[in-house]
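Data from coords_26.cif: mmCIF, N, CA and C atoms and all ligand atoms
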```cif
data_model
loop_
_atom_site.label_atom_id
_atom_site.label_comp_id
_atom_site.auth_asym_id
_atom_site.auth_seq_id
_atom_site.Cartn_x
_atom_site.Cartn_y
_atom_site.Cartn_z
N MET A 1 0.85 -1.20 0.00
CA MET A 1 0.00 0.00 0.00
C MET A 1 0.88 1.24 0.00
N GLU A 2 0.55 2.16 -0.89
CA GLU A 2 1.34 3.37 -1.00
C GLU A 2 0.42 4.55 -1.28
N THR A 3 0.70 5.68 -0.64
CA THR A 3 -0.08 6.89 -0.88
C THR A 3 0.86 8.00 -1.29
N LYS A 4 0.55 8.66 -2.40
CA LYS A 4 1.37 9.78 -2.86
C LYS A 4 0.46 10.93 -3.26
N THR A 5 0.94 12.15 -3.01
CA THR A 5 0.20 13.33 -3.43
C THR A 5 0.97 14.06 -4.53
N TYR A 6 0.28 14.30 -5.62
CA TYR A 6 0.89 14.97 -6.78
C TYR A 6 0.26 16.35 -6.98
N THR A 7 1.03 17.25 -7.52
CA THR A 7 0.49 18.55 -7.92
C THR A 7 0.02 18.47 -9.36
N VAL A 8 -1.20 18.91 -9.60
CA VAL A 8 -1.76 18.89 -10.95
C VAL A 8 -2.02 20.33 -11.40
N ILE A 9 -1.42 20.68 -12.55
CA ILE A 9 -1.54 22.03 -13.07
C ILE A 9 -2.70 22.12 -14.06
N GLY A 10 -3.53 23.13 -13.91
CA GLY A 10 -4.53 23.44 -14.93
C GLY A 10 -5.96 23.12 -14.60
N MET A 11 -6.20 22.49 -13.46
CA MET A 11 -7.59 22.16 -13.12
C MET A 11 -8.33 23.41 -12.62
N THR A 12 -9.47 23.67 -13.24
CA THR A 12 -10.21 24.86 -12.82
C THR A 12 -11.67 24.59 -12.48
N CYS A 13 -12.14 23.39 -12.72
CA CYS A 13 -13.55 23.12 -12.42
C CYS A 13 -13.74 21.66 -12.00
N SER A 14 -14.97 21.33 -11.62
CA SER A 14 -15.21 19.99 -11.12
C SER A 14 -15.12 18.93 -12.21
N HIS A 15 -15.31 19.36 -13.47
CA HIS A 15 -15.15 18.40 -14.56
C HIS A 15 -13.69 17.98 -14.70
N CYS A 16 -12.83 18.96 -14.49
CA CYS A 16 -11.39 18.65 -14.51
C CYS A 16 -11.08 17.60 -13.45
N VAL A 17 -11.62 17.80 -12.29
CA VAL A 17 -11.40 16.88 -11.17
C VAL A 17 -11.84 15.47 -11.56
N ASN A 18 -13.00 15.39 -12.19
CA ASN A 18 -13.51 14.07 -12.59
C ASN A 18 -12.63 13.43 -13.64
N SER A 19 -12.16 14.23 -14.61
CA SER A 19 -11.32 13.70 -15.67
C SER A 19 -10.02 13.15 -15.12
N VAL A 20 -9.39 13.94 -14.27
CA VAL A 20 -8.11 13.52 -13.69
C VAL A 20 -8.30 12.28 -12.82
N GLY A 21 -9.34 12.29 -12.02
CA GLY A 21 -9.60 11.15 -11.14
C GLY A 21 -9.88 9.89 -11.93
N SER A 22 -10.63 10.04 -13.01
CA SER A 22 -10.97 8.90 -13.84
C SER A 22 -9.75 8.29 -14.51
N GLU A 23 -8.90 9.14 -15.06
CA GLU A 23 -7.71 8.63 -15.76
C GLU A 23 -6.72 7.99 -14.79
N ILE A 24 -6.48 8.64 -13.68
CA ILE A 24 -5.54 8.07 -12.70
C ILE A 24 -6.10 6.75 -12.17
N GLY A 25 -7.42 6.69 -12.04
CA GLY A 25 -8.05 5.48 -11.52
C GLY A 25 -7.88 4.26 -12.41
N LYS A 26 -7.49 4.49 -13.66
CA LYS A 26 -7.29 3.37 -14.60
C LYS A 26 -5.94 2.68 -14.41
N ILE A 27 -5.04 3.33 -13.66
CA ILE A 27 -3.71 2.75 -13.46
C ILE A 27 -3.83 1.49 -12.61
N PRO A 28 -3.23 0.40 -13.07
CA PRO A 28 -3.30 -0.85 -12.32
C PRO A 28 -2.79 -0.69 -10.90
N GLY A 29 -3.57 -1.15 -9.95
CA GLY A 29 -3.18 -1.10 -8.55
C GLY A 29 -3.77 0.05 -7.78
N VAL A 30 -4.25 1.08 -8.52
CA VAL A 30 -4.81 2.25 -7.84
C VAL A 30 -6.18 1.89 -7.25
N THR A 31 -6.31 2.12 -5.96
CA THR A 31 -7.56 1.79 -5.29
C THR A 31 -8.40 3.01 -4.95
N GLU A 32 -7.73 4.18 -4.86
CA GLU A 32 -8.48 5.38 -4.52
C GLU A 32 -7.74 6.62 -5.03
N VAL A 33 -8.50 7.58 -5.53
CA VAL A 33 -7.94 8.85 -5.98
C VAL A 33 -8.75 9.97 -5.35
N GLN A 34 -8.06 10.88 -4.69
CA GLN A 34 -8.72 12.05 -4.12
C GLN A 34 -8.13 13.28 -4.79
N VAL A 35 -8.95 13.94 -5.61
CA VAL A 35 -8.49 15.13 -6.32
C VAL A 35 -9.02 16.36 -5.60
N ASP A 36 -8.11 17.26 -5.28
CA ASP A 36 -8.48 18.49 -4.57
C ASP A 36 -8.33 19.68 -5.52
N LEU A 37 -9.47 20.22 -5.90
CA LEU A 37 -9.47 21.33 -6.86
C LEU A 37 -8.84 22.59 -6.26
N THR A 38 -9.16 22.88 -5.01
CA THR A 38 -8.66 24.09 -4.36
C THR A 38 -7.14 24.08 -4.25
N ASN A 39 -6.59 22.95 -3.87
CA ASN A 39 -5.14 22.86 -3.69
C ASN A 39 -4.43 22.45 -4.97
N GLY A 40 -5.17 21.98 -5.96
CA GLY A 40 -4.55 21.52 -7.19
C GLY A 40 -3.71 20.28 -6.98
N THR A 41 -4.24 19.35 -6.23
CA THR A 41 -3.50 18.13 -5.94
C THR A 41 -4.34 16.89 -6.22
N ALA A 42 -3.63 15.80 -6.43
CA ALA A 42 -4.27 14.49 -6.55
C ALA A 42 -3.54 13.54 -5.62
N THR A 43 -4.26 13.00 -4.67
CA THR A 43 -3.69 12.02 -3.76
C THR A 43 -4.13 10.64 -4.22
N VAL A 44 -3.14 9.80 -4.45
CA VAL A 44 -3.40 8.49 -5.05
C VAL A 44 -3.01 7.39 -4.09
N ILE A 45 -3.92 6.47 -3.88
CA ILE A 45 -3.63 5.31 -3.04
C ILE A 45 -3.55 4.09 -3.93
N SER A 46 -2.46 3.35 -3.79
CA SER A 46 -2.22 2.19 -4.65
C SER A 46 -1.81 0.98 -3.80
N ASP A 47 -2.19 -0.19 -4.28
CA ASP A 47 -1.83 -1.39 -3.54
C ASP A 47 -0.46 -1.93 -3.95
N ARG A 48 0.20 -1.17 -4.83
CA ARG A 48 1.57 -1.54 -5.24
C ARG A 48 2.35 -0.24 -5.46
N PRO A 49 3.67 -0.30 -5.57
CA PRO A 49 4.45 0.92 -5.74
C PRO A 49 3.96 1.72 -6.94
N LEU A 50 3.76 3.02 -6.72
CA LEU A 50 3.21 3.88 -7.77
C LEU A 50 4.29 4.31 -8.75
N ASP A 51 3.98 4.18 -10.02
CA ASP A 51 4.88 4.62 -11.08
C ASP A 51 4.54 6.07 -11.42
N ASP A 52 5.44 6.98 -11.05
CA ASP A 52 5.19 8.40 -11.28
C ASP A 52 4.95 8.69 -12.76
N ALA A 53 5.66 7.98 -13.62
CA ALA A 53 5.50 8.19 -15.07
C ALA A 53 4.09 7.80 -15.52
N ALA A 54 3.53 6.77 -14.92
CA ALA A 54 2.17 6.34 -15.26
C ALA A 54 1.16 7.39 -14.82
N VAL A 55 1.41 7.97 -13.65
CA VAL A 55 0.52 9.03 -13.16
C VAL A 55 0.62 10.25 -14.06
N ALA A 56 1.85 10.59 -14.45
CA ALA A 56 2.05 11.74 -15.34
C ALA A 56 1.34 11.52 -16.67
N ALA A 57 1.42 10.28 -17.18
CA ALA A 57 0.78 9.97 -18.46
C ALA A 57 -0.74 10.06 -18.34
N ALA A 58 -1.28 9.60 -17.22
CA ALA A 58 -2.73 9.65 -16.99
C ALA A 58 -3.21 11.09 -16.91
N VAL A 59 -2.47 11.91 -16.20
CA VAL A 59 -2.82 13.33 -16.06
C VAL A 59 -2.76 14.02 -17.42
N ASP A 60 -1.73 13.67 -18.18
CA ASP A 60 -1.59 14.23 -19.53
C ASP A 60 -2.76 13.80 -20.41
N GLU A 61 -3.14 12.54 -20.27
CA GLU A 61 -4.27 11.99 -21.06
C GLU A 61 -5.56 12.76 -20.74
N ALA A 62 -5.69 13.17 -19.49
CA ALA A 62 -6.89 13.91 -19.08
C ALA A 62 -6.84 15.36 -19.57
N GLY A 63 -5.65 15.79 -19.99
CA GLY A 63 -5.52 17.15 -20.53
C GLY A 63 -4.86 18.13 -19.58
N TYR A 64 -4.20 17.60 -18.56
CA TYR A 64 -3.55 18.46 -17.57
C TYR A 64 -2.08 18.05 -17.43
N GLU A 65 -1.43 18.71 -16.52
CA GLU A 65 0.01 18.49 -16.40
C GLU A 65 0.38 18.31 -14.93
N LEU A 66 1.32 17.42 -14.71
CA LEU A 66 1.81 17.21 -13.35
C LEU A 66 2.81 18.30 -12.99
N GLY A 67 2.65 18.88 -11.82
CA GLY A 67 3.60 19.87 -11.35
C GLY A 67 4.76 19.19 -10.66
N ARG A 68 5.63 19.96 -10.11
CA ARG A 68 6.78 19.37 -9.40
C ARG A 68 6.48 19.23 -7.93
MO1 LIG A 101 -12.39 22.22 -16.21
MO2 LIG A 101 -13.99 22.87 -18.45
O1 LIG A 101 -10.89 22.57 -17.18
O2 LIG A 101 -12.91 22.93 -19.97
S1 LIG A 101 -12.94 24.23 -16.87
S2 LIG A 101 -13.25 20.82 -17.69
#
```

Give the structure from this file in structure tokens form.
Ligand code: 9UX
Amino acid sequence: METKTYTVIGMTCSHCVNSVGSEIGKIPGVTEVQVDLTNGTATVISDRPLDDAAVAAAVDEAGYELGR
């Protein structure tokens, strides 16, 4: 079990939140995604070590960008 919080750039509405959450949720092993619009973060819980590149790709797929 692993929990990581990422910064997501570009989210401005609740649809963005849903898109990001949906894409990240497709990553194998991810059991929960909490996207915070106010803070611009996505907290991801996974049952296996999280691949940052996979999260970055999912965020990109949703149309946003991972911050540092
Ligand atoms: Mo949130 Mo609408 O980006 O383009 S404002 S989905």

Produce a table with one row for each residue of chain A that has an atom at most 8 Å from any atom of ligand LIG 101 (chain A), each row naming the nearest atom pair and its distance in Å at one decimal; use only C-alpha atoms and all ligand atoms; arrange rows by chain and rising residue number; format as a Markdown table.
```
| residue | atom | partner | partner_atom | distance |
| --- | --- | --- | --- | --- |
| A:Gly10 | CA | A:LIG101 | O1 | 6.8 |
| A:Met11 | CA | A:LIG101 | O1 | 5.2 |
| A:Thr12 | CA | A:LIG101 | MO1 | 4.8 |
| A:Cys13 | CA | A:LIG101 | MO1 | 4.1 |
| A:Ser14 | CA | A:LIG101 | MO1 | 6.2 |
| A:His15 | CA | A:LIG101 | S2 | 4.4 |
| A:Cys16 | CA | A:LIG101 | MO1 | 4.1 |
| A:Val17 | CA | A:LIG101 | MO1 | 7.4 |
| A:Ser19 | CA | A:LIG101 | S2 | 7.6 |
```

Which residues of segment 29-56 of chain A sit at most 8 Å from segment 60-68 of chain A, using only N, CA and C atoms? Give each one's shortest atom pair and distance in Å (one decimal place), in chain and ascending residue order, as CSV.
```
residue,atom,partner,partner_atom,distance
A:Ala54,C,A:Asp60,N,7.7
A:Val55,C,A:Asp60,N,5.8
A:Ala56,C,A:Asp60,N,4.0
```

- prompt: From the list A:Gly29, A:Ile24, A:Tyr6, A:Gln34, which residue is nearest Pro49 of chain A when using only N, CA and C atoms?
  reply: A:Gly29

- request: Report as a PyMOL selection string: the residues of chain A with a DSSP assignment of strand (DSSP E), based on the backbone of this structure.
  value: chain A and resi 2-9+30-36+41-46+65-66

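Of the residues listed (A:Arg48, A:Val59, A:Val33, A:Asn18), A:Arg48 shows the shortest atom-to-atom separation from Glu2 of chain A; distances use only C-alpha atoms.
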
Those in segment 12-65 of chain A with helix (DSSP H, G or I) from DSSP, as a VMD selection string: chain A and resid 14 to 24 52 to 62

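Interatomic distance, atom CA of Thr43 of chain A to atom C of Ile9 of chain A: 14.5 Å.
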
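Computed from the coordinates, the atom CA of Asp36 of chain A to atom N of Glu23 of chain A distance equals 14.1 Å.
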
- request: For atom N of Val20 of chain A and atom N of Thr38 of chain A, quote the distance in Å rounded to one decimal.
  value: 12.9 Å

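Nearest to Glu32 of chain A of all the residues A:Ile45, A:Leu50, A:Ala57, A:Met1 is A:Ile45, counting only C-alpha atoms.
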
query: Do you know which residues are at most 7 Å from Thr41 of chain A counting only C-alpha atoms, after dropping those on the same chain fewer than 6 positions away, and could you put them as a PyMOL selection string?
result: chain A and resi 5-8+35

Can you write just those residues out, N, CA and C atoms, as a PDB file, keeping the file's coordinate frame?
```pdb
ATOM      1  N   THR A   5       0.940  12.150  -3.010  1.00  0.00           N
ATOM      2  CA  THR A   5       0.200  13.330  -3.430  1.00  0.00           C
ATOM      3  C   THR A   5       0.970  14.060  -4.530  1.00  0.00           C
ATOM      4  N   TYR A   6       0.280  14.300  -5.620  1.00  0.00           N
ATOM      5  CA  TYR A   6       0.890  14.970  -6.780  1.00  0.00           C
ATOM      6  C   TYR A   6       0.260  16.350  -6.980  1.00  0.00           C
ATOM      7  N   THR A   7       1.030  17.250  -7.520  1.00  0.00           N
ATOM      8  CA  THR A   7       0.490  18.550  -7.920  1.00  0.00           C
ATOM      9  C   THR A   7       0.020  18.470  -9.360  1.00  0.00           C
ATOM     10  N   VAL A   8      -1.200  18.910  -9.600  1.00  0.00           N
ATOM     11  CA  VAL A   8      -1.760  18.890 -10.950  1.00  0.00           C
ATOM     12  C   VAL A   8      -2.020  20.330 -11.400  1.00  0.00           C
ATOM     13  N   VAL A  35      -8.950  13.940  -5.610  1.00  0.00           N
ATOM     14  CA  VAL A  35      -8.490  15.130  -6.320  1.00  0.00           C
ATOM     15  C   VAL A  35      -9.020  16.360  -5.600  1.00  0.00           C
TER      16      VAL A  35
END
```

Given 4 Å of margin on each side, can you work out the centre and size in Å (one decimal) of an axis-aligned box holding every listed atom of segment 19-38 of chain A, as JSON?
```
{"center_x": -7.5, "center_y": 11.5, "center_z": -9.9, "size_x": 17.4, "size_y": 33.2, "size_z": 19.6}
```
